[in-house]
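Scroll down for the structure; my scribbles are underneath it.
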Amino acid sequence: MTSGTSGTGSGRDGAAGHGSATGTTVVTTDAGGVRTVRIARPDALNALDLVTKVAFRDAVLAAAADEAVRCLVVTGTGRAFCVGQDLREHIRLQQAHDESLWRTVPEHYNPTALALATMPKPVVAAVNGVAAGAGAAFAFAADLRVVAASAGFNLAFTGIALSADSGASWWLPRLVGVAKAKELLLVPRTVGAQEALDLGLATEVVPDGDFADRVAQVAAQLAAGPTLAYGAVRRAVAYSATHDLESSLAHESTLMDLTGASADHAAAVAAFLAKAEPVFEGR
Ligand code: T3D
């Protein structure tokens with residue numbers, strides 16, 4: 001396993017970080033096909049200032065593009081996962097009439113949200129603490145949300161008179177239904193881990209003491225799985241959300257052709273018939 005400490009960019013053996021006056025705010029580590037991207041501003045509850053937004057986006061895009069990465073884990077440091085926009089920086093930029101404020105959704109949040117949702121490999125949100133605003137939306141884009149028992153979600157946007165961004169309005173109704181989505185957006189509060197599990201926001205709740213081990217176990221299992229098929233499942237589910245049955249059947253057919261011709265499929269069928277454990281190469 002390697003970990004990064006500074007600088008921009010990412011690599012299997014290095015960091016995806018963006019140095020700042022206060023040091024590195026996004027750190028990547030690699031272990032056995034699992035890329036972990038960790039927001040590291042614990043004193044600010046991992047709020048997204050400009051430096052962190054850029055570093056996080058670039059780290060997520062790098063994980064998406066790297067074929068050696070077979071599972072991405074996004075997480076936070078300290079008592080929060082990520083509380084969204086850094087409101088201290090935000091007010092400073094507002095008061096300075098800084099135009100970069102208006103570019104942050106299209107330039108930072110949207111590419112990050114899209115890459116999390118569409119990269120051809122599984123994504124796990126390891127929700128170690130409270131996830132708010134854009135932070136919650138990024139967690140919603142993951143396939144699995146492993147949530148620490150002390151963590152929670154807060155759809156904070158309207159609390160500061162904003163609508164919703166980073167896909168929050170897209171994911172929420174799909175995860176919890178339209179009525180609950182509106183309630184959580186109109187009357188923001190911190191939804192605790194157990195309620196999040198009951199609602200379908202969390203896929204799993206883990207005692208805090210077991211959290212790191214469980215995340216590592218889930219991620220390792222996915223990284224050792226049939227990556228091509230996982231990516232195809234992501235595409236199929238996303239496609240079906242906006243298409244009718246007939247189109248979705250046709251799309252499934254295309255993806256079955258793709259995965260049916262894969263090395264992993266042939267090897268897994270042979271392993272099944274030989275009553276052996278399959279070994280997936282990810283292709
Ligand atoms: O440019 C654009 O287009 C805007 C894009 C916006 C995208 C967004 O993400 S909007 C949503 C921004 N986030 C929020 O509004 C969340 C605000 N925070 C909260 O509602 C609460 O802090 C939490 C529910 C997340 C956690 O509550 P709690 O009770 O555990 O902690 P706390 O006491 O409220 O906060 C602890 C500290 O963190 C506190 O600072 P202090 O008093 O200890 O010096 C608080 O100010 C700070 N903090 C929390 N959230 C943020 C933050 N500082 C800066 N930015 C934050 N987002």
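Residue numbers start at 1 in each chain; chains themselves are named A, B, ... in the order of the structure tokens; ligands are numbered from 1 in the order shown.
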
Report the closest atom pair, with its distance in Å rounded to one decimal, for each residue of chain A that has an atom no farther than 7 Å from ligand 1; count only C-alpha atoms and all ligand atoms, sort by chain and then rising residue number, and write it as a tab-separated table.
```
residue	atom	partner	partner_atom_place_in_ligand_line	distance
A:Ala44	CA	ligand 1	38 (O)	5.7
A:Leu45	CA	ligand 1	38 (O)	5.7
A:Ala47	CA	ligand 1	57 (N)	5.2
A:Val83	CA	ligand 1	57 (N)	4.8
A:Gly84	CA	ligand 1	9 (O)	3.4
A:Gln85	CA	ligand 1	9 (O)	3.9
A:Asp86	CA	ligand 1	55 (N)	3.6
A:Leu87	CA	ligand 1	55 (N)	3.8
A:Arg88	CA	ligand 1	54 (C)	5.1
A:His90	CA	ligand 1	1 (O)	6.9
A:Leu101	CA	ligand 1	1 (O)	4.9
A:Trp102	CA	ligand 1	1 (O)	5.9
A:Thr104	CA	ligand 1	1 (O)	5.4
A:Val105	CA	ligand 1	3 (O)	5.4
A:Val130	CA	ligand 1	25 (C)	6.0
A:Ala131	CA	ligand 1	25 (C)	6.6
A:Ala132	CA	ligand 1	25 (C)	5.2
A:Gly133	CA	ligand 1	9 (O)	3.8
A:Ala134	CA	ligand 1	9 (O)	3.8
A:Gly135	CA	ligand 1	9 (O)	6.3
A:Asn154	CA	ligand 1	24 (C)	5.8
A:Ala156	CA	ligand 1	15 (O)	4.6
A:Phe157	CA	ligand 1	11 (C)	4.7
A:Gly159	CA	ligand 1	15 (O)	6.3
A:Ile160	CA	ligand 1	15 (O)	5.9
A:Leu162	CA	ligand 1	10 (S)	6.8
A:Asp165	CA	ligand 1	7 (C)	6.2
A:Thr190	CA	ligand 1	24 (C)	5.8
```

Can I get the selected residues back with N, CA, C and O atoms, as a short mmCIF file (atom, residue, chain, number, x, y, z; two decimals), in the first residue's frame?
```
data_model
loop_
_atom_site.label_atom_id
_atom_site.label_comp_id
_atom_site.auth_asym_id
_atom_site.auth_seq_id
_atom_site.Cartn_x
_atom_site.Cartn_y
_atom_site.Cartn_z
N ALA A 44 -11.85 20.89 9.23
CA ALA A 44 -12.97 21.59 8.56
C ALA A 44 -14.08 20.60 8.21
O ALA A 44 -14.90 20.88 7.34
N LEU A 45 -14.12 19.48 8.88
CA LEU A 45 -15.09 18.40 8.59
C LEU A 45 -15.06 18.02 7.11
O LEU A 45 -16.07 17.68 6.52
N ALA A 47 -14.80 19.84 4.56
CA ALA A 47 -15.53 20.76 3.68
C ALA A 47 -14.70 20.99 2.42
O ALA A 47 -13.48 20.94 2.43
N VAL A 83 -18.73 17.63 4.48
CA VAL A 83 -19.90 18.47 4.75
C VAL A 83 -20.21 19.42 3.59
O VAL A 83 -20.88 20.43 3.77
N GLY A 84 -19.74 19.04 2.39
CA GLY A 84 -20.08 19.83 1.20
C GLY A 84 -19.23 21.08 1.10
O GLY A 84 -18.11 21.15 1.61
N GLN A 85 -19.81 22.05 0.41
CA GLN A 85 -19.11 23.32 0.15
C GLN A 85 -18.53 23.90 1.44
O GLN A 85 -19.21 23.92 2.48
N ASP A 86 -17.29 24.39 1.34
CA ASP A 86 -16.70 25.09 2.49
C ASP A 86 -17.34 26.48 2.58
O ASP A 86 -17.07 27.37 1.77
N LEU A 87 -18.19 26.63 3.57
CA LEU A 87 -18.98 27.87 3.65
C LEU A 87 -18.15 29.05 4.13
O LEU A 87 -18.52 30.20 3.88
N ARG A 88 -17.04 28.79 4.78
CA ARG A 88 -16.17 29.91 5.17
C ARG A 88 -15.51 30.50 3.93
O ARG A 88 -15.48 31.73 3.74
N HIS A 90 -16.65 30.10 0.94
CA HIS A 90 -17.77 30.53 0.10
C HIS A 90 -18.14 31.99 0.40
O HIS A 90 -18.28 32.80 -0.53
N LEU A 101 -16.96 31.41 -7.99
CA LEU A 101 -18.11 30.83 -7.29
C LEU A 101 -19.10 30.19 -8.25
O LEU A 101 -19.65 29.13 -7.99
N TRP A 102 -19.33 30.88 -9.35
CA TRP A 102 -20.36 30.43 -10.29
C TRP A 102 -19.90 29.28 -11.17
O TRP A 102 -20.68 28.68 -11.88
N THR A 104 -18.19 26.64 -9.91
CA THR A 104 -17.85 25.44 -9.13
C THR A 104 -18.77 24.26 -9.42
O THR A 104 -18.31 23.12 -9.46
N VAL A 105 -20.04 24.52 -9.66
CA VAL A 105 -20.92 23.38 -9.96
C VAL A 105 -20.53 22.75 -11.30
O VAL A 105 -20.25 21.54 -11.35
N VAL A 130 -20.50 12.35 9.31
CA VAL A 130 -21.61 13.04 8.67
C VAL A 130 -21.27 13.42 7.21
O VAL A 130 -20.15 13.86 6.92
N ALA A 131 -22.24 13.21 6.33
CA ALA A 131 -22.12 13.57 4.91
C ALA A 131 -23.22 14.60 4.64
O ALA A 131 -24.40 14.30 4.81
N ALA A 132 -22.83 15.80 4.23
CA ALA A 132 -23.83 16.87 4.06
C ALA A 132 -23.67 17.54 2.70
O ALA A 132 -22.58 17.59 2.13
N GLY A 133 -24.77 18.07 2.19
CA GLY A 133 -24.75 18.81 0.93
C GLY A 133 -24.13 17.99 -0.19
O GLY A 133 -24.49 16.82 -0.40
N ALA A 134 -23.18 18.61 -0.89
CA ALA A 134 -22.53 17.90 -1.99
C ALA A 134 -21.84 16.63 -1.49
O ALA A 134 -21.73 15.65 -2.23
N GLY A 135 -21.41 16.63 -0.25
CA GLY A 135 -20.78 15.43 0.31
C GLY A 135 -21.75 14.27 0.34
O GLY A 135 -21.40 13.13 0.01
N ASN A 154 -27.07 14.64 5.77
CA ASN A 154 -27.84 15.87 5.94
C ASN A 154 -27.91 16.57 4.58
O ASN A 154 -26.88 16.92 4.01
N ALA A 156 -28.32 19.43 3.52
CA ALA A 156 -28.21 20.79 4.03
C ALA A 156 -28.60 21.94 3.10
O ALA A 156 -28.79 23.06 3.56
N PHE A 157 -28.75 21.70 1.81
CA PHE A 157 -28.79 22.79 0.82
C PHE A 157 -29.77 23.91 1.17
O PHE A 157 -29.41 25.08 1.17
N GLY A 159 -31.01 24.73 3.84
CA GLY A 159 -30.64 25.40 5.09
C GLY A 159 -29.85 26.66 4.85
O GLY A 159 -29.83 27.58 5.67
N ILE A 160 -29.16 26.69 3.69
CA ILE A 160 -28.43 27.91 3.32
C ILE A 160 -29.03 28.49 2.02
O ILE A 160 -28.33 29.13 1.24
N LEU A 162 -30.06 27.25 -0.80
CA LEU A 162 -29.65 26.76 -2.12
C LEU A 162 -30.61 25.64 -2.52
O LEU A 162 -31.31 25.07 -1.66
N ASP A 165 -27.40 20.23 -5.56
CA ASP A 165 -26.45 20.01 -6.66
C ASP A 165 -25.75 18.67 -6.52
O ASP A 165 -26.09 17.86 -5.64
N THR A 190 -30.09 15.89 10.18
CA THR A 190 -29.15 14.78 10.05
C THR A 190 -29.91 13.46 10.26
O THR A 190 -30.48 13.23 11.32
#
```

Residues within 9 Å of A:Ala267, please, as a short mmCIF file (atom, residue, chain, number, x, y, z; two decimals) with N, CA, C and O atoms, in the first residue's frame. Count only C-alpha atoms; anything in the same chain fewer than 3 positions from it doesn't count.
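Result written to out-v6.cif:
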```
data_model
loop_
_atom_site.label_atom_id
_atom_site.label_comp_id
_atom_site.auth_asym_id
_atom_site.auth_seq_id
_atom_site.Cartn_x
_atom_site.Cartn_y
_atom_site.Cartn_z
N SER A 262 -16.31 -12.19 -22.66
CA SER A 262 -15.15 -11.82 -21.84
C SER A 262 -14.39 -13.06 -21.34
O SER A 262 -14.96 -14.15 -21.18
N ALA A 263 -13.11 -12.83 -21.05
CA ALA A 263 -12.27 -13.90 -20.50
C ALA A 263 -12.80 -14.33 -19.13
O ALA A 263 -12.81 -15.52 -18.80
N ASP A 264 -13.24 -13.36 -18.34
CA ASP A 264 -13.74 -13.71 -17.00
C ASP A 264 -14.96 -14.62 -17.09
O ASP A 264 -15.12 -15.54 -16.27
N ALA A 270 -16.16 -22.20 -16.60
CA ALA A 270 -15.32 -23.40 -16.47
C ALA A 270 -15.09 -23.73 -15.00
O ALA A 270 -15.16 -24.90 -14.60
N ALA A 271 -14.84 -22.69 -14.19
CA ALA A 271 -14.61 -22.92 -12.76
C ALA A 271 -15.87 -23.50 -12.11
O ALA A 271 -15.79 -24.42 -11.28
N PHE A 272 -17.02 -22.96 -12.49
CA PHE A 272 -18.28 -23.46 -11.92
C PHE A 272 -18.44 -24.95 -12.20
O PHE A 272 -18.75 -25.74 -11.31
N PRO A 278 -13.98 -19.28 -8.88
CA PRO A 278 -13.52 -18.51 -10.03
C PRO A 278 -12.46 -17.49 -9.62
O PRO A 278 -12.48 -16.99 -8.50
N VAL A 279 -11.54 -17.24 -10.54
CA VAL A 279 -10.56 -16.16 -10.33
C VAL A 279 -10.82 -15.15 -11.43
O VAL A 279 -10.71 -15.47 -12.62
N PHE A 280 -11.20 -13.94 -11.03
CA PHE A 280 -11.56 -12.92 -12.02
C PHE A 280 -10.37 -12.00 -12.29
O PHE A 280 -9.76 -11.48 -11.36
#
```

Legend entry - Distance query A:Ala229 at most 12 Å, only C-alpha atoms, self and fewer than 2 positions along chain excluded, as a ChimeraX atom specification: /A:70,120-122,222,225-227,231-236,252,255-265,268,280-283

Legend entry - atom CA of A:Glu89 to atom CA of A:Ala40, distance in Å rounded to a single decimal: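 According to the coordinates, atom CA of A:Glu89 and atom CA of A:Ala40 are separated by 16.6 Å.
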
Inset, instruction - Name the residues of stretch 19-171 of chain A that come out as strand (DSSP E) in a backbone DSSP run; write them as number ranges by chain. - result: A: 26-31, 34-39, 71-76, 80-82, 123-127, 130-132, 144-148, 152-154

Inset, instruction - For A:Trp171, work out the shell of residues within 12 Å, counting only C-alpha atoms and skipping chain neighbours fewer than 6 positions away, then give it as number ranges by chain. - result: A: 113-114, 117, 134, 136-143, 155, 164-165, 177-178, 180-182, 185, 200-201, 238, 241

Inset, instruction - Just give me the gap between atom CA of A:Ser240 and atom CA of A:Val205 in Å, one decimal is fine. - result: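 Between these atoms lies a distance of 27.7 Å.
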
Inset, instruction - Compare A:Gly167, A:Thr52, A:Val146, A:Cys71 by their minimum atom-to-atom distance to A:Asp210, counting only C-alpha atoms, and give me the closest one. - result: A:Val146

Legend entry - Nearest to A:Val237 by atom-to-atom distance, counting only C-alpha atoms, from A:Ser169, A:Leu249, A:Asp58, A:Gln94: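 When distances to A:Val237 are compared using only C-alpha atoms, the smallest one comes from A:Leu249.
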